[in-house]
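The data block below is my_file03.tsv; it holds TSV, C-alpha atoms.
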chain	number	residue	atom	x	y	z
Q	29	MET	CA	0.00	0.00	0.00
Q	30	ARG	CA	1.29	3.42	-0.97
Q	31	TYR	CA	0.76	6.49	1.18
Q	32	TRP	CA	0.90	10.12	0.18
Q	33	GLU	CA	4.45	11.34	0.65
Q	34	VAL	CA	3.33	14.91	1.18
Q	35	PRO	CA	0.31	15.43	3.43
Q	36	PHE	CA	-2.65	16.82	1.54
Q	37	GLY	CA	-2.87	20.58	1.89
Q	38	LYS	CA	0.72	21.07	3.01
Q	39	GLU	CA	1.78	22.58	-0.29
Q	40	LYS	CA	-0.15	25.76	-0.81
Q	41	PRO	CA	-1.46	26.39	-4.36
Q	42	LYS	CA	0.22	29.21	-6.20
Q	43	THR	CA	-1.35	32.03	-8.16
Q	44	PRO	CA	0.47	33.07	-11.33
Q	45	LEU	CA	0.83	36.76	-11.99
Q	46	GLY	CA	1.02	37.95	-15.56
Q	47	GLU	CA	2.33	41.00	-17.33
Q	48	ILE	CA	0.39	42.35	-20.31
Q	49	HIS	CA	2.08	43.68	-23.44
Q	50	ILE	CA	0.11	45.69	-26.02
Q	51	LEU	CA	1.26	46.57	-29.54
Q	52	LYS	CA	-0.79	49.74	-29.89
Q	53	GLU	CA	0.02	50.30	-33.57
Q	54	ARG	CA	-1.48	46.92	-34.59
Q	55	CYS	CA	-4.70	47.26	-32.60
Q	56	LYS	CA	-7.98	47.85	-34.46
Q	57	GLY	CA	-10.05	48.62	-31.38
Q	58	CYS	CA	-12.56	45.74	-31.60
Q	59	GLY	CA	-12.75	45.57	-27.80
Q	60	PHE	CA	-12.76	41.77	-27.43
Q	61	CYS	CA	-9.95	41.80	-24.85
Q	62	VAL	CA	-11.74	44.45	-22.78
Q	63	GLU	CA	-15.09	42.64	-23.01
Q	64	TYR	CA	-13.92	39.12	-22.21
Q	65	CYS	CA	-11.04	39.64	-19.70
Q	66	PRO	CA	-12.18	37.60	-16.66
Q	67	LYS	CA	-10.35	39.92	-14.25
Q	68	ASP	CA	-11.35	43.24	-15.90
Q	69	VAL	CA	-7.75	44.31	-16.27
Q	70	LEU	CA	-8.21	46.35	-19.43
Q	71	GLU	CA	-10.18	49.38	-20.55
Q	72	MET	CA	-10.55	51.21	-23.87
Q	73	SER	CA	-8.37	54.33	-23.86
Q	74	ASP	CA	-9.08	57.76	-25.36
Q	75	GLU	CA	-5.82	57.97	-27.27
Q	76	PHE	CA	-5.54	57.22	-31.01
Q	77	ASN	CA	-3.01	55.12	-32.88
Q	78	SER	CA	-1.81	56.08	-36.36
Q	79	LYS	CA	-4.75	54.27	-38.03
Q	80	GLY	CA	-7.27	56.15	-35.89
Q	81	TYR	CA	-8.36	53.34	-33.56
Q	82	HIS	CA	-8.53	53.38	-29.78
Q	83	PRO	CA	-6.18	50.75	-28.30
Q	84	PRO	CA	-6.87	49.30	-24.83
Q	85	GLN	CA	-5.01	50.40	-21.73
Q	86	ILE	CA	-4.15	48.57	-18.50
Q	87	ILE	CA	-6.08	49.83	-15.46
Q	88	ASN	CA	-5.68	46.96	-13.01
Q	89	GLY	CA	-2.42	45.27	-14.01
Q	90	GLU	CA	-1.74	43.43	-10.74
Q	91	ALA	CA	-5.02	41.43	-11.10
Q	92	CYS	CA	-3.79	39.63	-14.26
Q	93	VAL	CA	-3.38	35.87	-13.68
Q	94	ASN	CA	-1.72	35.06	-17.04
Q	95	CYS	CA	-4.73	33.09	-18.33
Q	96	GLY	CA	-4.00	34.05	-21.94
Q	97	LEU	CA	-7.61	34.64	-23.01
Q	98	CYS	CA	-6.80	38.10	-24.42
Q	99	GLU	CA	-4.11	36.72	-26.72
Q	100	THR	CA	-6.32	33.78	-27.78
Q	101	ILE	CA	-9.21	36.02	-28.75
Q	102	CYS	CA	-7.24	38.96	-30.23
Q	103	PRO	CA	-7.65	38.84	-34.04
Q	104	GLU	CA	-4.60	41.06	-34.60
Q	105	PHE	CA	-1.91	39.33	-32.47
Q	106	SER	CA	-1.42	42.70	-30.76
Q	107	ILE	CA	-1.82	41.73	-27.10
Q	108	TRP	CA	-0.17	38.98	-25.08
Q	109	CYS	CA	0.77	38.22	-21.52
Q	110	THR	CA	3.86	36.65	-19.98
Q	111	LEU	CA	4.37	35.04	-16.59
Q	112	LYS	CA	5.90	37.51	-14.12
Q	113	GLU	CA	5.98	35.49	-10.89
Q	114	GLU	CA	4.00	32.98	-8.88
Q	115	VAL	CA	2.80	33.98	-5.43
Q	116	ALA	CA	1.33	31.86	-2.66
Q	117	PHE	CA	-2.45	31.69	-2.72
Q	118	GLU	CA	-4.10	33.59	0.13
Q	119	ASN	CA	-7.63	32.75	1.07
S	23	MET	CA	-3.53	22.21	-23.11
S	24	PRO	CA	-0.04	23.76	-23.06
S	25	LYS	CA	0.10	27.46	-23.65
S	26	ILE	CA	1.64	28.45	-26.99
S	27	SER	CA	3.59	31.66	-26.52
S	28	GLN	CA	3.18	34.63	-28.81
S	29	LYS	CA	6.83	34.22	-29.82
S	30	ALA	CA	6.04	30.77	-31.28
S	31	ILE	CA	3.16	32.23	-33.28
S	32	HIS	CA	5.29	35.00	-34.76
S	33	LYS	CA	7.68	32.32	-36.07
S	34	TYR	CA	4.94	31.19	-38.49
S	35	LEU	CA	3.94	34.65	-39.75
S	36	ARG	CA	5.38	36.52	-42.73
S	37	HIS	CA	6.65	39.76	-41.26
S	38	ASP	CA	7.55	41.31	-44.61
S	39	LYS	CA	3.81	41.60	-45.27
S	40	ASN	CA	1.96	44.58	-43.94
S	41	PHE	CA	0.58	44.10	-40.47
S	42	PRO	CA	-2.08	44.85	-39.28
S	43	HIS	CA	-3.85	42.60	-41.78
S	44	VAL	CA	-6.64	43.57	-44.21
S	45	TRP	CA	-9.59	42.23	-42.21
S	46	CYS	CA	-12.02	44.72	-40.68
S	47	SER	CA	-12.10	45.60	-37.02
S	48	GLY	CA	-13.98	42.84	-35.15
S	49	CYS	CA	-13.68	40.24	-37.93
S	50	SER	CA	-13.23	36.68	-36.66
S	51	ASN	CA	-10.78	35.59	-39.35
S	52	GLY	CA	-7.80	36.71	-37.26
S	53	ILE	CA	-8.96	34.51	-34.37
S	54	VAL	CA	-9.19	31.50	-36.72
S	55	LEU	CA	-5.70	32.27	-38.07
S	56	GLY	CA	-4.41	32.34	-34.50
S	57	ALA	CA	-6.14	29.04	-33.65
S	58	THR	CA	-4.73	27.38	-36.80
S	59	ILE	CA	-1.17	28.52	-36.07
S	60	ARG	CA	-1.44	27.44	-32.43
S	61	ALA	CA	-2.61	23.97	-33.54
S	62	ILE	CA	0.33	23.69	-35.97
S	63	ALA	CA	2.79	24.91	-33.33
S	64	GLU	CA	1.42	22.37	-30.87
S	65	LEU	CA	1.89	19.50	-33.35
S	66	GLY	CA	5.36	20.78	-34.28
S	67	TYR	CA	5.01	20.50	-38.07
S	68	LYS	CA	7.83	21.90	-40.18
S	69	LYS	CA	6.93	24.97	-42.24
S	70	ASP	CA	8.13	23.33	-45.47
S	71	ASN	CA	5.84	20.31	-45.01
S	72	ILE	CA	2.64	22.34	-44.98
S	73	ALA	CA	0.76	23.59	-48.02
S	74	MET	CA	-2.00	26.10	-47.42
S	75	VAL	CA	-4.46	26.54	-50.28
S	76	SER	CA	-7.28	29.06	-50.53
S	77	GLY	CA	-9.80	30.39	-53.02
S	78	ILE	CA	-11.20	33.91	-53.15
S	79	GLY	CA	-12.82	35.77	-50.29
S	80	CYS	CA	-12.10	37.46	-47.01
S	81	SER	CA	-11.02	34.26	-45.28
S	82	SER	CA	-8.95	33.24	-48.29
S	83	ARG	CA	-6.55	36.13	-47.64
S	84	MET	CA	-5.16	34.03	-44.80
S	85	PRO	CA	-2.31	32.29	-46.70
S	86	VAL	CA	-0.83	35.71	-47.44
S	87	TYR	CA	0.19	36.10	-43.80
S	88	VAL	CA	1.62	32.66	-43.00
S	89	ASP	CA	5.10	31.41	-43.85
S	90	PHE	CA	4.18	28.01	-45.37
S	91	ASN	CA	3.94	26.86	-49.00
S	92	THR	CA	0.88	28.83	-50.01
S	93	LEU	CA	-1.43	28.93	-53.00
S	94	HIS	CA	-4.08	31.59	-53.64
S	95	THR	CA	-6.25	30.15	-56.40
S	96	LEU	CA	-9.47	30.59	-58.39
S	97	HIS	CA	-12.83	31.21	-56.75
S	98	GLY	CA	-14.13	27.92	-55.32
S	99	ARG	CA	-11.34	25.78	-56.80
S	100	ALA	CA	-9.14	25.50	-53.70
S	101	ILE	CA	-10.00	21.82	-53.10
S	102	ALA	CA	-9.21	20.97	-56.75
S	103	PHE	CA	-5.76	22.57	-56.45
S	104	ALA	CA	-5.21	20.87	-53.09
S	105	THR	CA	-6.00	17.48	-54.68
S	106	GLY	CA	-3.24	18.15	-57.22
S	107	ILE	CA	-0.71	18.93	-54.48
S	108	LYS	CA	-1.70	15.82	-52.53
S	109	ILE	CA	-1.34	13.54	-55.59
S	110	VAL	CA	2.14	14.83	-56.43
S	111	LYS	CA	3.41	15.15	-52.85
S	112	PRO	CA	1.48	12.72	-50.63
S	113	GLU	CA	3.78	13.38	-47.65
S	114	MET	CA	2.74	17.03	-47.53
S	115	LYS	CA	0.11	18.28	-45.06
S	116	VAL	CA	-2.52	20.08	-47.13
S	117	ILE	CA	-4.74	22.69	-45.49
S	118	VAL	CA	-7.59	24.37	-47.37
S	119	ILE	CA	-8.89	27.68	-46.03
S	120	THR	CA	-12.21	28.61	-47.53
S	121	GLY	CA	-15.35	30.60	-46.91
S	122	ASP	CA	-18.99	29.55	-46.99
S	123	GLY	CA	-19.75	30.93	-50.45
S	124	ASP	CA	-16.41	29.79	-51.82
S	125	ALA	CA	-16.84	26.17	-50.69
S	126	THR	CA	-20.57	25.50	-50.93
S	127	ALA	CA	-21.82	27.71	-53.78
S	128	ILE	CA	-19.09	28.34	-56.31
S	129	GLY	CA	-16.97	25.34	-55.36
S	130	GLY	CA	-19.83	23.11	-54.25
S	131	ASN	CA	-18.94	20.33	-56.65
S	132	HIS	CA	-15.28	20.22	-55.62
S	133	PHE	CA	-16.33	20.19	-51.98
S	134	ILE	CA	-18.75	17.25	-52.17
S	135	HIS	CA	-16.53	15.18	-54.43
S	136	GLY	CA	-13.47	15.84	-52.27
S	137	ALA	CA	-15.50	14.51	-49.35
S	138	ARG	CA	-16.79	11.54	-51.38
S	139	ARG	CA	-13.31	10.48	-52.50
S	140	ASN	CA	-11.96	10.98	-48.95
S	141	ILE	CA	-8.79	12.79	-50.04
S	142	ASP	CA	-6.43	13.38	-47.11
S	143	MET	CA	-6.74	17.13	-46.48
S	144	THR	CA	-8.04	19.47	-43.80
S	145	VAL	CA	-10.69	21.98	-44.83
S	146	ILE	CA	-11.16	24.90	-42.46
S	147	LEU	CA	-14.42	26.50	-43.53
S	148	ILE	CA	-15.09	29.95	-42.09
S	149	ASN	CA	-18.84	30.57	-42.21
S	150	ASN	CA	-19.81	34.23	-41.88
S	151	ASN	CA	-23.26	33.89	-43.61
S	152	ILE	CA	-22.45	36.36	-46.42
S	153	TYR	CA	-20.08	37.11	-49.31
S	154	GLY	CA	-18.12	39.78	-47.42
S	155	MET	CA	-15.33	40.76	-49.82
S	156	THR	CA	-17.46	41.20	-52.94
S	157	GLY	CA	-19.89	43.58	-51.27
S	158	GLY	CA	-22.38	41.59	-49.21
S	159	GLN	CA	-24.33	39.32	-51.57
S	160	TYR	CA	-26.36	36.47	-50.02
S	161	SER	CA	-24.66	33.10	-49.74
S	162	PRO	CA	-26.11	29.56	-49.33
S	163	THR	CA	-25.78	29.90	-45.55
S	164	THR	CA	-27.56	33.25	-45.10
S	165	PRO	CA	-30.39	32.57	-42.61
S	166	TYR	CA	-34.01	32.82	-43.78
S	167	GLY	CA	-35.34	36.38	-43.78
S	168	ASP	CA	-31.97	38.13	-43.35
S	169	ARG	CA	-31.07	41.21	-45.37
S	170	THR	CA	-28.06	41.43	-47.67
S	171	THR	CA	-27.27	43.82	-50.52
S	172	THR	CA	-28.86	41.44	-53.07
S	173	THR	CA	-31.84	40.53	-50.83
S	174	PRO	CA	-32.82	43.97	-49.46
S	175	TYR	CA	-36.31	42.75	-48.45
S	176	GLY	CA	-35.14	39.52	-46.79
S	177	ASN	CA	-33.71	36.24	-48.03
S	178	ILE	CA	-36.27	33.56	-48.97
S	179	ASP	CA	-33.81	30.77	-49.80
S	180	PRO	CA	-33.62	27.83	-47.38
S	181	THR	CA	-30.12	27.49	-45.94
S	182	PHE	CA	-27.44	24.85	-46.21
S	183	ASP	CA	-26.27	22.96	-43.14
S	184	ILE	CA	-22.62	22.55	-44.16
S	185	CYS	CA	-21.84	19.79	-41.65
S	186	ASP	CA	-24.85	17.74	-42.78
S	187	LEU	CA	-23.77	18.26	-46.40
S	188	ALA	CA	-20.26	16.97	-45.63
S	189	ILE	CA	-21.59	13.98	-43.66
S	190	GLY	CA	-23.93	13.10	-46.53
S	191	ALA	CA	-21.10	13.36	-49.03
S	192	GLY	CA	-18.97	11.01	-46.93
S	193	ALA	CA	-16.41	13.13	-45.08
S	194	THR	CA	-14.66	11.17	-42.33
S	195	PHE	CA	-14.10	13.98	-39.81
S	196	VAL	CA	-16.73	16.68	-39.42
S	197	ALA	CA	-16.77	19.25	-36.62
S	198	ARG	CA	-18.36	22.62	-36.01
S	199	THR	CA	-17.34	25.35	-33.62
S	200	THR	CA	-17.36	29.14	-33.45
S	201	ALA	CA	-14.73	31.84	-33.36
S	202	PHE	CA	-15.81	32.70	-29.83
S	203	HIS	CA	-14.77	29.20	-28.69
S	204	ALA	CA	-11.22	29.76	-29.90
S	205	ILE	CA	-9.59	27.15	-27.67
S	206	GLU	CA	-12.13	24.53	-28.79
S	207	ALA	CA	-11.45	25.55	-32.39
S	208	GLN	CA	-7.73	25.00	-31.79
S	209	SER	CA	-8.39	21.52	-30.43
S	210	PHE	CA	-10.72	20.57	-33.32
S	211	ILE	CA	-8.23	21.84	-35.91
S	212	LYS	CA	-5.49	19.82	-34.21
S	213	GLN	CA	-7.63	16.66	-34.31
S	214	ALA	CA	-8.46	17.33	-37.96
S	215	PHE	CA	-4.74	17.61	-38.81
S	216	GLU	CA	-4.06	14.29	-37.12
S	217	HIS	CA	-6.97	12.59	-38.92
S	218	LYS	CA	-6.25	10.59	-42.09
S	219	GLY	CA	-8.87	11.45	-44.69
S	220	PHE	CA	-11.11	14.36	-45.61
S	221	SER	CA	-11.62	16.45	-42.47
S	222	LEU	CA	-13.86	19.48	-42.24
S	223	VAL	CA	-13.89	22.03	-39.43
S	224	GLU	CA	-16.67	24.57	-39.87
S	225	ILE	CA	-16.03	27.70	-37.83
S	226	ILE	CA	-18.96	30.06	-37.47
S	227	SER	CA	-17.67	33.61	-37.51
S	228	ALA	CA	-18.92	37.16	-37.27
S	229	CYS	CA	-18.98	39.79	-40.02
S	230	PRO	CA	-19.95	42.89	-38.02
S	231	VAL	CA	-19.23	45.41	-40.78
S	232	ILE	CA	-21.51	44.08	-43.55
S	233	TYR	CA	-23.77	41.27	-42.26
S	234	GLY	CA	-24.08	42.65	-38.74
S	235	HIS	CA	-24.65	46.19	-39.97
S	236	LEU	CA	-27.35	45.23	-42.51
S	237	ASN	CA	-29.21	43.03	-40.00
S	238	LYS	CA	-28.78	45.25	-36.93
S	239	LYS	CA	-26.88	42.62	-34.97
S	240	GLY	CA	-24.93	45.15	-32.93
S	241	ASP	CA	-21.17	45.57	-32.69
S	242	ALA	CA	-18.51	42.85	-32.85
S	243	SER	CA	-18.74	42.00	-29.15
S	244	ALA	CA	-22.53	41.61	-29.36
S	245	MET	CA	-22.15	39.23	-32.33
S	246	MET	CA	-19.60	37.18	-30.39
S	247	LYS	CA	-22.02	37.01	-27.48
S	248	SER	CA	-24.86	35.80	-29.73
S	249	MET	CA	-22.55	33.06	-31.10
S	250	LYS	CA	-21.86	31.99	-27.53
S	251	GLU	CA	-25.59	31.77	-26.74
S	252	ASN	CA	-26.94	30.29	-29.99
S	253	VAL	CA	-24.30	27.70	-30.92
S	254	ILE	CA	-24.45	25.07	-28.19
S	255	LEU	CA	-22.95	21.64	-27.56
S	256	ILE	CA	-24.64	18.59	-29.15
S	257	GLU	CA	-25.63	17.11	-25.76
S	258	ALA	CA	-27.30	20.35	-24.65
S	259	PHE	CA	-28.99	20.75	-28.05
S	260	GLU	CA	-30.59	17.29	-27.94
S	261	LYS	CA	-32.27	18.06	-24.60
S	262	LEU	CA	-34.09	21.13	-25.96
S	263	SER	CA	-37.71	21.02	-27.13
S	264	ASP	CA	-38.53	21.70	-30.78
S	265	GLU	CA	-39.55	25.28	-30.01
S	266	GLN	CA	-36.32	26.04	-28.19
S	267	LYS	CA	-34.25	24.55	-31.02
S	268	ASN	CA	-35.45	27.33	-33.30
S	269	GLY	CA	-32.51	29.58	-34.19
S	270	LYS	CA	-29.95	27.44	-32.38
S	271	GLN	CA	-27.13	25.38	-33.88
S	272	LYS	CA	-25.14	22.52	-32.43
S	273	ARG	CA	-21.39	22.41	-32.18
S	274	GLY	CA	-19.00	19.54	-31.53
S	275	ILE	CA	-17.52	16.60	-33.45
S	276	PHE	CA	-20.27	14.97	-35.53
S	277	VAL	CA	-18.31	12.26	-37.36
S	278	ASN	CA	-14.89	10.72	-36.72
S	279	LYS	CA	-14.39	7.46	-38.62
S	280	ILE	CA	-11.82	5.68	-40.80
S	281	ARG	CA	-12.42	4.91	-44.48
S	282	PRO	CA	-9.93	3.98	-47.28
S	283	GLU	CA	-8.07	7.11	-48.36
S	284	TYR	CA	-8.03	8.11	-52.04
S	285	ILE	CA	-4.31	8.75	-52.59
S	286	GLU	CA	-3.35	5.47	-50.89
S	287	GLU	CA	-5.86	3.55	-53.02
S	288	TYR	CA	-4.46	5.23	-56.13
S	289	ASP	CA	-0.89	4.30	-55.13
S	290	LYS	CA	-1.98	0.71	-54.52
S	291	LEU	CA	-3.55	0.51	-57.99
S	292	VAL	CA	-0.39	1.89	-59.65
S	293	ARG	CA	1.82	-0.57	-57.74
S	294	SER	CA	-0.35	-3.59	-58.62
S	295	LEU	CA	-0.31	-2.66	-62.32
S	296	GLN	CA	3.48	-2.18	-62.24
S	297	ASP	CA	3.89	-5.63	-60.65
S	298	GLU	CA	1.66	-7.19	-63.31
S	299	LYS	CA	3.82	-5.78	-66.10
S	300	GLY	CA	7.02	-7.02	-64.44
S	301	GLY	CA	8.27	-3.80	-62.83
S	302	GLU	CA	8.82	-1.76	-65.95
What does this structure look like when you write it as C-alpha cells?
Amino acid sequence: MRYWEVPFGKEKPKTPLGEIHILKERCKGCGFCVEYCPKDVLEMSDEFNSKGYHPPQIINGEACVNCGLCETICPEFSIWCTLKEEVAFEN
Amino acid sequence: MPKISQKAIHKYLRHDKNFPHVWCSGCSNGIVLGATIRAIAELGYKKDNIAMVSGIGCSSRMPVYVDFNTLHTLHGRAIAFATGIKIVKPEMKVIVITGDGDATAIGGNHFIHGARRNIDMTVILINNNIYGMTGGQYSPTTPYGDRTTTTPYGNIDPTFDICDLAIGAGATFVARTTAFHAIEAQSFIKQAFEHKGFSLVEIISACPVIYGHLNKKGDASAMMKSMKENVILIEAFEKLSDEQKNGKQKRGIFVNKIRPEYIEEYDKLVRSLQDEKGGE
C-alpha cells in the first residue's frame, strides 16, 4: 500500500501573476480583450493610434493571472501576456 | 492544453507583409488564423511540409500572412488545387482555407466530391453567412429572412447545413465550432490535422461590418455574445424542445471514422499494375 508522501494541503497552491504587453500600432479597437477579460484588467483608452483606432489600456495590471484569453481572442496578435511570478495563494 | 507563446506564433507569420492585416475591425478571421497557427505549433510540423491553399474571399486572404507553401487560387477551386498537391506530394500536409460561399456555392462540386473520395486534407471553412469581400451578396448559408445587398427585403432561400452536407457526401471527420470558442477551435483543428482522410472544421464567424450592420446585430462584441448563446454543444442541443431549437445550432464533433483514403488507393492501384507488367 502506498501512502501520500506529502500530506494533503501542506503545499499551498500558487497564483500566477502575468504581465500584459500591447502593440498599440497593430490594434484595431474591436474591444474583445476588454469585453472578455475575466479579471477586468483592461479598458478602452481615449488615445488614437496612427490608423485612428482606440487601443486598450491597462487599469488593473496586478489582477492579471496570465490566463491568456486576451491573446487567444485577439484577431490582430497585438496583445499577449507573460508570466511575471507565482505567489502563494491567500484565502 | 499547453500554452503556446506569442513568440512561437510569430515564427509562423510573414513579417515582410503589412501588419495589421486587411480584415475589418472585429472580424473573426484573425482569431481563426491564431487558432490554426497554435494547432500547428502544438503539433510541431515543419513549415516546409505544410501547403495552405485558398480560393477567393475574405477568409482566403489568410495564406498571405503565413510562412508556409501557399497557393491563392481561383474562386471555389481551392480543393481541386489541393488534390493536385496531394497527388504529387502525398507526404505534404494540405490545409484548405475557404469561406462559406467559396466552398458551398461556387466550389460546391469540388467540396462534395473531395468529401466523397476521402482525399487526405483538412478543410477549415469559415462561415460568416455572407459574401463579405465582394460587397455583401447572399450566400447559401444566409439565414431565412436576413437582409443582404442582393436581398434587401429579406432572403427567402432555405439554408445549407454545411456539416450535414459533408456527412452526406462522406467526409470522415466533421466538426463545427465558433470563433468565440477559440480554444475549442484550436483543439478541433489539431484533431483534424491528425486525422487521415477528408476532415472538415466549420467555424462560425462574425462579419460585423456588412452582415451585422445590414441586420442590426450590434457591434462585434454583441455578435460574439450571440454566437456563444446560440451555438451550443450537441448534448445540450438534444435536450431542448422543438420550439427552443429554433434559431440554435449545435457544435462539436459529428463524425470521426476511418475509411480507405483516395491517394493510398491510387498508389496501390499503380503498384499492382506495375507488378503485373514485371516492374517496368
Within 12 Å of chain Q, which residues of chain S show up? Give each one with its shortest atom-to-atom distance in Å (one decimal) and the two atoms involved, counting all atoms listed in the file, rows by chain then rising residue number, as a tab-separated table.
residue	atom	partner	partner_atom	distance
S:Met23	CA	Q:Gly96	CA	11.9
S:Pro24	CA	Q:Gly96	CA	11.1
S:Lys25	CA	Q:Gly96	CA	7.9
S:Ile26	CA	Q:Gly96	CA	9.4
S:Ser27	CA	Q:Thr110	CA	8.2
S:Gln28	CA	Q:Trp108	CA	6.6
S:Lys29	CA	Q:Trp108	CA	9.7
S:Ala30	CA	Q:Phe105	CA	11.7
S:Ile31	CA	Q:Phe105	CA	8.8
S:His32	CA	Q:Phe105	CA	8.7
S:Leu35	CA	Q:Phe105	CA	10.4
S:Asn40	CA	Q:Arg54	CA	10.2
S:Phe41	CA	Q:Arg54	CA	6.8
S:Pro42	CA	Q:Arg54	CA	5.2
S:His43	CA	Q:Glu104	CA	7.4
S:Val44	CA	Q:Glu104	CA	10.1
S:Trp45	CA	Q:Pro103	CA	9.1
S:Cys46	CA	Q:Lys56	CA	8.1
S:Ser47	CA	Q:Lys56	CA	5.3
S:Gly48	CA	Q:Cys58	CA	4.8
S:Cys49	CA	Q:Pro103	CA	7.3
S:Ser50	CA	Q:Pro103	CA	6.5
S:Asn51	CA	Q:Pro103	CA	7.0
S:Gly52	CA	Q:Pro103	CA	3.9
S:Ile53	CA	Q:Pro103	CA	4.5
S:Val54	CA	Q:Pro103	CA	8.0
S:Leu55	CA	Q:Pro103	CA	8.0
S:Gly56	CA	Q:Thr100	CA	7.1
S:Ala57	CA	Q:Thr100	CA	7.5
S:Thr58	CA	Q:Thr100	CA	11.2
S:Ile59	CA	Q:Thr100	CA	11.1
S:Arg60	CA	Q:Thr100	CA	9.3
S:Ala61	CA	Q:Thr100	CA	12.0
S:Tyr87	CA	Q:Glu104	CA	11.5
S:Thr200	CA	Q:Ile101	CA	11.7
S:Ala201	CA	Q:Ile101	CA	8.3
S:Phe202	CA	Q:Ile101	CA	7.5
S:His203	CA	Q:Ile101	CA	8.8
S:Ala204	CA	Q:Ile101	CA	6.7
S:Ile205	CA	Q:Thr100	CA	7.4
S:Glu206	CA	Q:Thr100	CA	11.0
S:Ala207	CA	Q:Thr100	CA	10.7
S:Gln208	CA	Q:Thr100	CA	9.8
S:Ser227	CA	Q:Pro103	CA	11.8
S:Ala228	CA	Q:Pro103	CA	11.8
S:Pro230	CA	Q:Cys58	CA	10.2
S:Val231	CA	Q:Cys58	CA	11.4
S:Asp241	CA	Q:Cys58	CA	8.7
S:Ala242	CA	Q:Cys58	CA	6.7
S:Ser243	CA	Q:Phe60	CA	6.2
S:Ala244	CA	Q:Glu63	CA	9.8
S:Met245	CA	Q:Phe60	CA	10.9
S:Met246	CA	Q:Phe60	CA	8.8
S:Lys247	CA	Q:Tyr64	CA	9.9
S:Lys250	CA	Q:Tyr64	CA	11.9
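In this model, the gap between atom CA of S:Thr105 and atom CA of S:Ile141 comes to 7.2 Å.
Atom to atom, atom CA of S:Ala197 and atom CA of S:Ile211 stand 9.0 Å apart.
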**Q.** Long-range neighbours of S:Cys80 as a PyMOL selection string, 9 Å cut-off, only C-alpha atoms, 3 positions minimum in chain
**A.** chain S and resi 44-45+51+83-84+120-121+153-156
Q: For a cut-off of 12 Å around (-15.5, 17.5, -54.6), file coordinates, pick out all residues using only C-alpha atoms and list them as a ChimeraX atom specification.
A: /S:98-105,125-126,128-141,143,145,187-188,191-193,220
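Once all atoms listed in the file are considered, the residues situated within 8 Å of the file point (5.3, 26.3, -43.5) turn out to be S:Tyr34, S:Tyr67, S:Lys68, S:Lys69, S:Asp70, S:Asn71, S:Ile72, S:Ala73, S:Val88, S:Asp89, S:Phe90, S:Asn91.
Note that the spacing between atom CA of S:Lys115 and atom CA of S:Met74 amounts to 8.4 Å.
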Grab all the atoms of stretch 52-56 of chain S that the file lists, wrap them in a box along x, y and z, add 6 Å per side, and give me centre plus edge lengths in Å (one decimal) as AutoDock Vina command-line options.
--center_x -6.8 --center_y 34.1 --center_z -36.2 --size_x 16.8 --size_y 17.2 --size_z 15.7
Q.
Please list as a VMD selection string every residue within 8 Å of Q:Leu111, counting all atoms listed in the file and excluding residues in the same chain fewer than 4 positions away.
A. chain Q and resid 44 to 47 94
Q) Within 8 Å of Q:Ala116, counting all atoms listed in the file, which residues qualify if same-chain residues fewer than 3 places away don't, as number ranges by chain? A) Q: 40-43
